[in-house]
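Q: The structure file target-v7.tsv (TSV, C-alpha atoms) is provided below.
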```
chain	number	residue	atom	x	y	z
W	24	MET	CA	0.00	0.00	0.00
W	25	GLU	CA	3.03	2.30	-0.08
W	26	PHE	CA	2.05	3.69	-3.47
W	27	VAL	CA	-1.41	4.57	-2.12
W	28	LEU	CA	0.29	6.67	0.56
W	29	TYR	CA	2.40	8.30	-2.16
W	30	LEU	CA	-0.79	9.22	-4.00
W	31	VAL	CA	-2.23	10.78	-0.86
W	32	LEU	CA	0.89	12.94	-0.45
W	33	ILE	CA	1.13	13.81	-4.15
W	34	LEU	CA	-2.50	14.75	-4.74
W	35	SER	CA	-2.88	16.79	-1.56
W	36	GLY	CA	0.59	18.33	-1.87
W	37	THR	CA	0.27	19.40	-5.52
W	38	LYS	CA	-3.15	21.02	-5.06
W	39	LEU	CA	-2.00	22.94	-1.98
W	40	ALA	CA	1.34	23.95	-3.53
W	41	GLY	CA	-0.37	24.96	-6.77
W	42	HIS	CA	-2.82	27.15	-4.87
W	43	ILE	CA	0.02	28.85	-2.97
W	44	ALA	CA	1.89	29.50	-6.22
W	45	VAL	CA	-1.18	31.13	-7.77
W	46	ARG	CA	-1.64	33.30	-4.66
W	47	PHE	CA	1.91	34.58	-5.21
W	48	GLY	CA	1.13	35.39	-8.85
W	49	GLN	CA	2.90	32.35	-10.33
W	50	PRO	CA	1.55	29.46	-12.46
W	51	SER	CA	0.26	26.58	-10.33
W	52	VAL	CA	2.66	24.19	-12.07
W	53	LEU	CA	5.63	25.93	-10.40
W	54	GLY	CA	4.29	25.00	-6.98
W	55	GLU	CA	3.61	21.45	-8.17
W	56	LEU	CA	7.19	21.06	-9.41
W	57	ILE	CA	8.65	22.45	-6.18
W	58	ILE	CA	6.53	20.18	-3.97
W	59	GLY	CA	8.07	17.23	-5.83
W	60	ILE	CA	11.53	18.39	-4.75
W	61	ILE	CA	10.34	18.95	-1.17
W	62	LEU	CA	8.62	15.56	-0.84
W	63	GLY	CA	11.38	13.71	-2.71
W	64	PRO	CA	14.85	12.47	-1.73
W	65	ALA	CA	16.42	15.94	-2.00
W	66	ILE	CA	14.68	17.27	1.17
W	67	LEU	CA	12.06	15.26	3.13
W	68	GLY	CA	12.50	11.88	1.46
W	69	TRP	CA	8.84	10.95	1.92
W	70	ILE	CA	8.43	9.84	-1.71
W	71	HIS	CA	10.89	7.83	-3.78
W	72	ASP	CA	10.83	7.13	-7.48
W	73	GLY	CA	9.65	3.67	-8.45
W	74	GLU	CA	7.81	1.66	-11.06
W	75	PHE	CA	4.32	2.89	-10.17
W	76	ILE	CA	5.43	6.52	-10.04
W	77	HIS	CA	7.11	6.11	-13.41
W	78	ILE	CA	4.03	4.51	-15.00
W	79	PHE	CA	1.59	7.10	-13.64
W	80	ALA	CA	3.94	9.93	-14.63
W	81	GLU	CA	4.28	8.55	-18.16
W	82	ILE	CA	0.51	8.36	-18.53
W	83	GLY	CA	0.25	11.88	-17.09
W	84	VAL	CA	2.57	13.50	-19.61
W	85	LEU	CA	0.93	11.63	-22.50
W	86	LEU	CA	-2.51	12.85	-21.41
W	87	LEU	CA	-1.18	16.39	-20.99
W	88	MET	CA	0.14	16.45	-24.56
W	89	PHE	CA	-3.00	14.70	-25.84
W	90	MET	CA	-5.08	17.55	-24.40
W	91	ALA	CA	-2.70	20.06	-25.96
W	92	GLY	CA	-3.43	18.48	-29.33
W	93	LEU	CA	-7.18	18.65	-28.66
W	94	GLU	CA	-6.93	22.37	-27.90
W	95	THR	CA	-4.61	23.30	-30.78
W	96	ASP	CA	-5.97	25.28	-33.71
W	97	LEU	CA	-4.82	23.25	-36.72
W	98	ASP	CA	-5.37	26.14	-39.14
W	99	GLN	CA	-3.19	28.35	-36.97
W	100	LEU	CA	-0.55	25.61	-36.86
W	101	LYS	CA	-0.54	25.34	-40.67
W	102	LYS	CA	-0.15	29.11	-41.02
W	103	ASN	CA	2.85	29.18	-38.68
W	104	TRP	CA	4.78	26.13	-39.88
W	105	LYS	CA	7.63	28.25	-41.27
W	106	SER	CA	7.96	30.07	-37.95
W	107	ALA	CA	7.82	26.76	-36.06
W	108	PHE	CA	10.65	25.35	-38.17
W	109	ALA	CA	12.76	28.51	-37.76
W	110	VAL	CA	12.19	28.54	-33.98
W	111	ALA	CA	13.21	24.88	-33.73
W	112	VAL	CA	16.38	25.38	-35.80
W	113	GLY	CA	17.36	28.54	-33.91
W	114	GLY	CA	16.65	26.73	-30.65
W	115	ILE	CA	19.07	23.98	-31.62
W	116	ILE	CA	21.98	25.90	-33.17
W	117	LEU	CA	22.63	28.21	-30.20
W	118	PRO	CA	22.26	25.57	-27.43
W	119	LEU	CA	24.42	23.15	-29.43
W	120	ALA	CA	27.18	25.75	-29.67
W	121	GLY	CA	26.68	26.91	-26.08
W	122	GLY	CA	26.75	23.40	-24.62
W	123	PHE	CA	29.87	22.53	-26.60
W	124	GLY	CA	31.55	25.74	-25.45
W	125	ALA	CA	30.69	25.07	-21.80
W	126	GLY	CA	32.10	21.56	-22.03
W	127	GLU	CA	35.33	22.83	-23.59
W	128	LEU	CA	35.58	25.54	-20.91
W	129	PHE	CA	35.55	22.90	-18.16
W	130	GLY	CA	38.03	20.61	-19.90
W	131	LEU	CA	35.69	17.94	-21.28
W	132	SER	CA	36.63	16.00	-24.41
W	133	ALA	CA	35.13	17.00	-27.76
W	134	SER	CA	32.65	14.10	-27.77
W	135	HIS	CA	31.45	14.83	-24.22
W	136	SER	CA	31.16	18.54	-25.02
W	137	LEU	CA	29.16	17.79	-28.17
W	138	PHE	CA	26.84	15.61	-26.12
W	139	LEU	CA	26.21	18.50	-23.72
W	140	GLY	CA	25.31	20.61	-26.74
W	141	VAL	CA	22.83	18.00	-28.01
W	142	LEU	CA	21.38	17.63	-24.51
W	143	LEU	CA	20.79	21.38	-24.19
W	144	SER	CA	19.21	21.43	-27.66
W	145	ALA	CA	16.30	19.29	-26.46
W	146	THR	CA	12.94	20.83	-25.63
W	147	SER	CA	9.96	19.53	-23.68
W	148	VAL	CA	6.87	21.70	-23.93
W	149	SER	CA	4.75	19.67	-21.50
W	150	ILE	CA	5.36	22.25	-18.75
W	151	THR	CA	4.86	25.11	-21.22
W	152	VAL	CA	1.55	23.56	-22.28
W	153	GLN	CA	0.29	23.62	-18.70
W	154	VAL	CA	1.27	27.29	-18.21
W	155	LEU	CA	-0.30	28.36	-21.51
W	156	LYS	CA	-3.48	26.43	-20.66
W	157	GLU	CA	-3.73	28.34	-17.37
W	158	MET	CA	-3.31	31.62	-19.25
W	159	ASN	CA	-5.72	30.64	-22.07
W	160	ARG	CA	-2.94	31.20	-24.61
W	161	LEU	CA	-2.45	27.64	-25.88
W	162	ASP	CA	-4.33	28.27	-29.12
W	163	SER	CA	-2.72	31.67	-29.72
W	164	ARG	CA	-0.33	32.24	-32.62
W	165	GLU	CA	2.60	32.06	-30.20
W	166	GLY	CA	1.26	28.91	-28.54
W	167	THR	CA	0.76	27.00	-31.79
W	168	THR	CA	4.21	28.06	-33.00
W	169	ILE	CA	5.77	26.67	-29.82
W	170	LEU	CA	3.93	23.36	-30.24
W	171	GLY	CA	4.95	23.09	-33.89
W	172	ALA	CA	8.55	23.91	-33.04
W	173	ALA	CA	8.56	21.19	-30.38
W	174	VAL	CA	7.68	18.56	-33.00
W	175	VAL	CA	10.48	19.70	-35.33
W	176	ASP	CA	12.91	19.99	-32.40
W	177	ASP	CA	12.21	16.43	-31.32
W	178	VAL	CA	13.01	15.05	-34.77
W	179	LEU	CA	16.20	17.10	-35.25
W	180	VAL	CA	17.58	16.39	-31.76
W	181	VAL	CA	17.03	12.63	-32.10
W	182	VAL	CA	18.85	12.69	-35.45
W	183	LEU	CA	21.72	14.67	-33.88
W	184	LEU	CA	21.91	12.20	-31.00
W	185	ALA	CA	21.95	9.28	-33.44
W	186	VAL	CA	24.79	10.85	-35.44
W	187	LEU	CA	26.78	11.52	-32.28
W	188	THR	CA	26.34	8.00	-30.89
W	189	SER	CA	27.22	6.52	-34.29
W	190	PHE	CA	30.59	8.28	-34.26
W	191	TYR	CA	31.47	8.39	-30.56
W	192	GLY	CA	29.07	6.12	-28.64
W	193	THR	CA	29.91	2.79	-27.09
W	194	GLY	CA	27.69	-0.25	-26.64
W	195	THR	CA	24.21	-0.19	-28.18
W	196	GLY	CA	24.46	3.37	-29.44
W	197	GLY	CA	27.31	2.96	-31.90
W	198	ASP	CA	25.68	1.07	-34.77
W	199	ILE	CA	22.73	3.30	-35.70
W	200	SER	CA	21.76	3.71	-39.35
W	201	ILE	CA	20.87	7.35	-40.02
W	202	GLY	CA	18.93	6.40	-43.16
W	203	LEU	CA	16.85	3.88	-41.21
W	204	LEU	CA	16.25	6.45	-38.49
W	205	LEU	CA	14.95	9.05	-40.94
W	206	GLY	CA	12.89	6.42	-42.74
W	207	LYS	CA	11.15	5.43	-39.50
W	208	LYS	CA	10.31	9.07	-38.77
W	209	LEU	CA	8.81	9.54	-42.22
W	210	MET	CA	6.82	6.36	-41.68
W	211	PHE	CA	5.52	7.74	-38.38
W	212	PHE	CA	4.28	11.02	-39.84
W	213	ALA	CA	2.75	9.27	-42.87
W	214	GLY	CA	1.00	6.75	-40.63
W	215	VAL	CA	-0.28	9.44	-38.27
W	216	PHE	CA	-1.60	11.52	-41.17
W	217	LEU	CA	-3.46	8.60	-42.75
W	218	ALA	CA	-4.88	7.43	-39.43
W	219	GLY	CA	-5.99	10.94	-38.53
W	220	TRP	CA	-7.63	11.44	-41.90
W	221	LEU	CA	-9.21	8.04	-42.54
W	222	VAL	CA	-9.34	5.93	-39.39
W	223	ILE	CA	-10.04	8.17	-36.39
W	224	PRO	CA	-13.23	9.95	-37.58
W	225	ARG	CA	-14.87	6.72	-38.78
W	226	THR	CA	-13.85	4.75	-35.69
W	227	LEU	CA	-15.14	7.37	-33.27
W	228	LYS	CA	-18.46	7.57	-35.11
W	229	LEU	CA	-18.87	3.80	-35.18
W	230	LEU	CA	-17.83	3.03	-31.60
W	231	SER	CA	-19.70	5.95	-30.04
W	232	ARG	CA	-22.86	3.85	-30.57
W	233	LEU	CA	-21.68	1.02	-28.30
W	234	LYS	CA	-24.02	0.35	-25.37
W	235	VAL	CA	-21.32	0.57	-22.70
W	236	THR	CA	-20.13	3.28	-20.33
W	237	GLU	CA	-18.05	6.05	-21.97
W	238	PRO	CA	-17.05	4.26	-25.21
W	239	LEU	CA	-15.97	7.54	-26.80
W	240	ILE	CA	-13.48	8.40	-24.08
W	241	SER	CA	-12.06	4.89	-24.05
W	242	ILE	CA	-11.43	4.80	-27.80
W	243	ALA	CA	-9.93	8.31	-27.68
W	244	LEU	CA	-7.46	7.10	-25.04
W	245	VAL	CA	-6.74	4.04	-27.18
W	246	PHE	CA	-5.68	6.35	-30.01
W	247	CYS	CA	-3.66	8.53	-27.61
W	248	PHE	CA	-1.65	5.62	-26.25
W	249	ALA	CA	-1.41	3.79	-29.59
W	250	PHE	CA	0.01	6.88	-31.32
W	251	ALA	CA	2.45	7.38	-28.44
W	252	TYR	CA	3.60	3.76	-28.63
W	253	PHE	CA	3.95	3.94	-32.42
W	254	GLY	CA	5.96	7.15	-32.03
W	255	GLU	CA	8.39	5.55	-29.58
W	256	LYS	CA	8.86	2.57	-31.90
W	257	MET	CA	9.60	4.91	-34.80
W	258	GLY	CA	12.14	6.99	-32.85
W	259	ILE	CA	9.77	9.86	-32.06
W	260	ALA	CA	9.03	10.85	-28.45
W	261	GLY	CA	5.78	9.38	-27.17
W	262	ILE	CA	4.53	12.86	-26.25
W	263	ILE	CA	4.63	13.82	-29.95
W	264	GLY	CA	2.50	10.80	-30.79
W	265	ALA	CA	-0.02	11.70	-28.07
W	266	PHE	CA	-0.10	15.29	-29.33
W	267	ALA	CA	-0.74	14.06	-32.89
W	268	ALA	CA	-3.64	11.89	-31.68
W	269	GLY	CA	-5.21	14.86	-29.91
W	270	LEU	CA	-4.72	17.02	-32.99
W	271	ALA	CA	-6.48	14.44	-35.18
W	272	ILE	CA	-9.42	14.09	-32.78
W	273	SER	CA	-9.71	17.88	-32.53
W	274	GLN	CA	-10.95	17.86	-36.15
W	275	THR	CA	-13.97	15.71	-35.26
W	276	THR	CA	-17.34	16.67	-33.78
W	277	TYR	CA	-16.48	14.74	-30.61
W	278	LYS	CA	-13.67	17.12	-29.62
W	279	HIS	CA	-15.32	18.99	-26.73
W	280	ASP	CA	-16.93	15.96	-25.10
W	281	ILE	CA	-13.63	14.07	-25.12
W	282	GLU	CA	-11.64	17.11	-23.98
W	283	ASN	CA	-13.83	17.81	-20.94
W	284	LYS	CA	-13.83	14.24	-19.67
W	285	VAL	CA	-10.17	13.49	-20.36
W	286	GLU	CA	-9.18	16.73	-18.61
W	287	ALA	CA	-11.07	15.70	-15.45
W	288	LEU	CA	-9.38	12.27	-15.49
W	289	SER	CA	-5.92	13.70	-16.15
W	290	TYR	CA	-5.81	16.48	-13.58
W	291	SER	CA	-7.39	14.43	-10.83
W	292	ILE	CA	-4.57	11.90	-10.64
W	293	PHE	CA	-2.10	11.36	-13.51
W	294	VAL	CA	-0.79	14.86	-14.33
W	295	PRO	CA	0.00	15.71	-10.65
W	296	VAL	CA	2.11	12.55	-10.43
W	297	PHE	CA	4.01	13.62	-13.56
W	298	PHE	CA	4.84	17.05	-12.12
W	299	VAL	CA	6.02	15.55	-8.83
W	300	SER	CA	8.09	12.88	-10.61
W	301	ILE	CA	10.31	15.59	-12.12
W	302	GLY	CA	11.25	16.84	-8.65
W	303	LEU	CA	12.04	13.30	-7.50
W	304	ASN	CA	15.07	13.30	-9.80
W	305	VAL	CA	16.76	16.04	-7.77
W	306	SER	CA	19.66	15.09	-5.52
W	307	PHE	CA	22.27	17.46	-4.13
W	308	ASP	CA	24.93	14.81	-3.51
W	309	GLY	CA	28.30	15.94	-4.82
W	310	VAL	CA	26.95	19.06	-6.50
W	311	GLY	CA	29.09	21.38	-4.34
W	312	LYS	CA	32.20	20.21	-6.17
W	313	GLN	CA	30.73	21.19	-9.55
W	314	ILE	CA	28.84	24.35	-8.65
W	315	GLY	CA	30.68	26.34	-11.31
W	316	LEU	CA	29.69	23.92	-14.06
W	317	LEU	CA	26.11	23.86	-12.76
W	318	VAL	CA	25.80	27.65	-12.84
W	319	VAL	CA	27.36	27.98	-16.30
W	320	LEU	CA	25.29	25.15	-17.79
W	321	THR	CA	22.05	26.58	-16.39
W	322	ILE	CA	22.75	30.08	-17.70
W	323	VAL	CA	23.77	28.69	-21.10
W	324	ALA	CA	20.73	26.41	-21.20
W	325	VAL	CA	18.25	29.21	-20.51
W	326	LEU	CA	19.79	31.99	-22.60
W	327	THR	CA	20.67	29.98	-25.71
W	328	LYS	CA	17.24	28.38	-25.99
W	329	LEU	CA	15.44	31.64	-25.29
W	330	LEU	CA	17.52	33.69	-27.74
W	331	GLY	CA	17.71	30.98	-30.40
W	332	GLY	CA	13.94	30.44	-30.41
W	333	ALA	CA	13.30	34.18	-30.30
W	334	ALA	CA	15.63	34.77	-33.26
W	335	GLY	CA	13.77	32.17	-35.34
W	336	ALA	CA	10.43	33.79	-34.46
W	337	ARG	CA	11.70	37.32	-35.18
W	338	LEU	CA	13.07	36.32	-38.58
W	339	THR	CA	9.67	34.95	-39.59
W	340	GLY	CA	7.56	37.97	-38.76
W	341	PHE	CA	6.84	38.02	-35.03
W	342	ASN	CA	7.37	41.26	-33.11
W	343	GLY	CA	10.01	41.52	-30.39
W	344	ARG	CA	7.85	40.65	-27.39
W	345	SER	CA	6.08	37.75	-29.10
W	346	SER	CA	9.49	36.42	-30.18
W	347	ILE	CA	10.76	36.49	-26.59
W	348	ALA	CA	7.54	34.80	-25.46
W	349	ILE	CA	8.08	32.00	-27.99
W	350	GLY	CA	11.72	31.63	-26.97
W	351	SER	CA	10.63	31.39	-23.32
W	352	GLY	CA	8.24	28.61	-24.24
W	353	MET	CA	11.16	26.51	-25.52
W	354	VAL	CA	13.34	26.85	-22.39
W	355	SER	CA	12.07	23.85	-20.40
W	356	ARG	CA	14.01	20.64	-21.11
W	357	GLY	CA	11.79	18.42	-18.92
W	358	GLU	CA	11.48	14.68	-19.43
W	359	VAL	CA	12.92	14.73	-22.97
W	360	ALA	CA	16.34	15.89	-21.74
W	361	LEU	CA	16.18	13.45	-18.81
W	362	ILE	CA	15.78	10.61	-21.31
W	363	ILE	CA	18.68	11.93	-23.41
W	364	ALA	CA	20.85	12.19	-20.28
W	365	ALA	CA	20.13	8.54	-19.45
W	366	THR	CA	20.97	7.59	-23.06
W	367	GLY	CA	24.24	9.50	-22.75
W	368	MET	CA	25.16	7.51	-19.66
W	369	GLN	CA	24.47	4.21	-21.44
W	370	SER	CA	26.50	5.16	-24.52
W	371	GLY	CA	29.44	6.66	-22.60
W	372	LEU	CA	28.83	10.19	-23.89
W	373	LEU	CA	27.99	11.51	-20.42
W	374	LEU	CA	30.49	10.78	-17.67
W	375	PRO	CA	28.89	9.42	-14.44
W	376	GLU	CA	30.46	12.17	-12.29
W	377	TYR	CA	28.57	14.83	-14.27
W	378	PHE	CA	25.20	13.07	-14.29
W	379	THR	CA	23.78	14.73	-11.16
W	380	THR	CA	24.89	18.19	-12.29
W	381	VAL	CA	23.26	17.70	-15.68
W	382	ILE	CA	20.03	16.44	-14.10
W	383	ILE	CA	19.83	19.47	-11.79
W	384	THR	CA	20.45	21.77	-14.78
W	385	ILE	CA	17.50	20.15	-16.56
W	386	ILE	CA	15.31	20.53	-13.46
W	387	LEU	CA	16.32	24.19	-13.07
W	388	THR	CA	15.32	24.99	-16.67
W	389	THR	CA	11.99	23.33	-15.96
W	390	LEU	CA	11.52	25.40	-12.78
W	391	ILE	CA	12.58	28.66	-14.47
W	392	ALA	CA	10.22	28.22	-17.44
W	393	PRO	CA	6.81	28.74	-15.70
W	394	PRO	CA	7.49	32.13	-14.04
W	395	LEU	CA	9.42	33.29	-17.13
W	396	LEU	CA	6.48	32.40	-19.36
W	397	LYS	CA	4.01	34.10	-17.01
W	398	ILE	CA	6.02	37.33	-16.99
W	399	VAL	CA	6.71	37.45	-20.73
W	400	PHE	CA	3.22	36.45	-21.91
W	401	SER	CA	1.54	38.80	-19.44
W	402	THR	CA	3.73	41.68	-20.60
W	403	ALA	CA	3.06	40.86	-24.26
W	404	ALA	CA	-0.69	40.71	-23.58
W	405	ASP	CA	-0.60	44.08	-21.79
W	406	ARG	CA	1.24	45.68	-24.70
W	407	ASN	CA	-1.28	44.28	-27.16
W	408	GLY	CA	-4.21	45.35	-25.02
W	409	VAL	CA	-5.37	41.77	-24.43
```
Could I get this file's structure written as structure tokens?
A:
Amino acid sequence: MEFVLYLVLILSGTKLAGHIAVRFGQPSVLGELIIGIILGPAILGWIHDGEFIHIFAEIGVLLLMFMAGLETDLDQLKKNWKSAFAVAVGGIILPLAGGFGAGELFGLSASHSLFLGVLLSATSVSITVQVLKEMNRLDSREGTTILGAAVVDDVLVVVLLAVLTSFYGTGTGGDISIGLLLGKKLMFFAGVFLAGWLVIPRTLKLLSRLKVTEPLISIALVFCFAFAYFGEKMGIAGIIGAFAAGLAISQTTYKHDIENKVEALSYSIFVPVFFVSIGLNVSFDGVGKQIGLLVVLTIVAVLTKLLGGAAGARLTGFNGRSSIAIGSGMVSRGEVALIIAATGMQSGLLLPEYFTTVIITIILTTLIAPPLLKIVFSTAADRNGV
């Protein structure tokens, strides 16, 4: 029953911490991330990561991105695809250079420095999605550009990681075929497009007539998890697959019914566990010896992603404040970078003594993103008279 106790602590803790954060003018997700650090091994040690936490957290982030897809304006996304691509590319070039430079500054080898660059190039918009939802800006031009850029970013970073492990990795990472990798990604997007166009609308219409409880919600979740699984198998992050499923369902007449019920399910149990699980990765053991590297990496991580994304947005027609808002939305590295860090350990591209420092850097970018987004988007809204 230990996991049941964990749920009691997580659900009560996240709601209370989220409320306190809002009272201080911050997004509720900031409080929910911090309570994970407080309850986890870093401070109180009341909750420890484990299989059940991992499973619930994985479901939580998939549902969060599925809802983001449901709420995304597809027409707006089509209009801003050039901006999304430019934001993704700008948000990779600068962090890649910055991470490499930081590694060289602290005496790391070229391969380890390059890996730091690839790691800092990653983006996870799951936290950004939650903040934008709270501010009712998810379907704005800036919001859809951020979501589009996250899809492009995921593809490019995985390709970069594959190239790096092919040249420098050891063990399972050193024999990757780049052609096969790109082929699998093309297969994913083709499959998702065809399923979204031909399969999902017909299936929802057919199965909505079943004489059982909530058939529509169940089949929507089937598509969410199936797309996520297919994405992982094809070398695309599961969150991109879940987002694609939500985007496809958003084009059907069942959108609002599914959205309302999935949101209640998600925020009552699974999403809070995901937010807390991020904080459970924090440990301060041995960090004092690498405080300089931690500070430099965090500054580089935030500034390069913010400025790189903003530059891509500015070059494709956004004004200055909207560009900064978009760059801010790309700052969080979240679970995507945590996965890349673990991959780096397995392939020998990330030395074990730097693992904790890198993990804390990732957590700090995730903690910095919510208040940064709140400030920048609020300022942009005030300037535009929103």
Q: What are the nearest atom pairs, with distances in Å to one decimal, for all residues of region 148-197 of chain W that come at most 8 Å from region 66-90 of chain W, using only C-alpha atoms, set out by chain and rising residue number as JSON lines?
A:
```
{"residue": "W:Ser149", "atom": "CA", "partner": "W:Met88", "partner_atom": "CA", "distance": 6.4}
{"residue": "W:Val152", "atom": "CA", "partner": "W:Met88", "partner_atom": "CA", "distance": 7.6}
{"residue": "W:Gln153", "atom": "CA", "partner": "W:Leu87", "partner_atom": "CA", "distance": 7.7}
```
Q: Could you pull the residues within 10 Å of Glu94 (chain W), counting only C-alpha atoms, minus those fewer than 4 positions along the same chain, as a PyMOL selection string?
A: chain W and resi 88-90+156+161-162+167+266+269-270+272-273+278-279+282
Q: Go ahead and compute the interatomic distance for CA of Ser231 (chain W) and CA of Val285 (chain W), in Å to one decimal.
A: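 Computing it gives 15.5 Å between the two atoms.
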Q: Which residues of region 83-166 of chain W come within 8 Å of region 337-345 of chain W, and for each one, what is the closest pair of atoms and their distance in Å to one decimal, counting all atoms listed in the file, sorted by chain and residue number, as a tab-separated table?
A:
```
residue	atom	partner	partner_atom	distance
W:Lys105	CA	W:Thr339	CA	7.2
W:Ser106	CA	W:Thr339	CA	5.4
W:Ala109	CA	W:Thr339	CA	7.4
W:Glu165	CA	W:Ser345	CA	6.8
```
Q: Counting only C-alpha atoms, which residue out of W:Thr168, W:Ser306, W:Ser351, W:Ser35 sits closest to Phe378 (chain W)?
A: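 Ranking W:Thr168, W:Ser306, W:Ser351, W:Ser35 by distance to Phe378 (chain W), first place goes to W:Ser306.
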Q: How far is it from CA of Gly59 (chain W) to CA of Phe26 (chain W), in Å with one decimal?
A: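 Computed distance, CA of Gly59 (chain W) to CA of Phe26 (chain W), equals 15.0 Å.
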Q: How many Å lie between CA of Met257 (chain W) and CA of Ile115 (chain W), rounded to one decimal?
A: 21.5 Å
Q: Can you list, as an MDAnalysis selection string, every protein, DNA or RNA residue that comes within 12 Å of Phe216 (chain W) when you count all atoms listed in the file, leaving out same-chain residues fewer than 2 positions away?
A: chainID W and resid 209:214 218:223 250 264 267:268 270:272
Q: Which residue, W:Val27, W:Ile263, W:Ala249, W:Ala348, has the smallest gap to Thr402 (chain W) when you use all atoms listed in the file?
A: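 Comparing W:Val27, W:Ile263, W:Ala249, W:Ala348 against Thr402 (chain W), the winner is W:Ala348.
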Q: Tell me, as JSON, numbers by chain, which residues lie within 12 Å of Ser241 (chain W), counting all atoms listed in the file; anything in the same chain fewer than 4 positions away does not count.
A: {"W": [226, 227, 230, 231, 233, 235, 236, 237, 245, 246, 247, 248, 281, 284, 285, 288]}
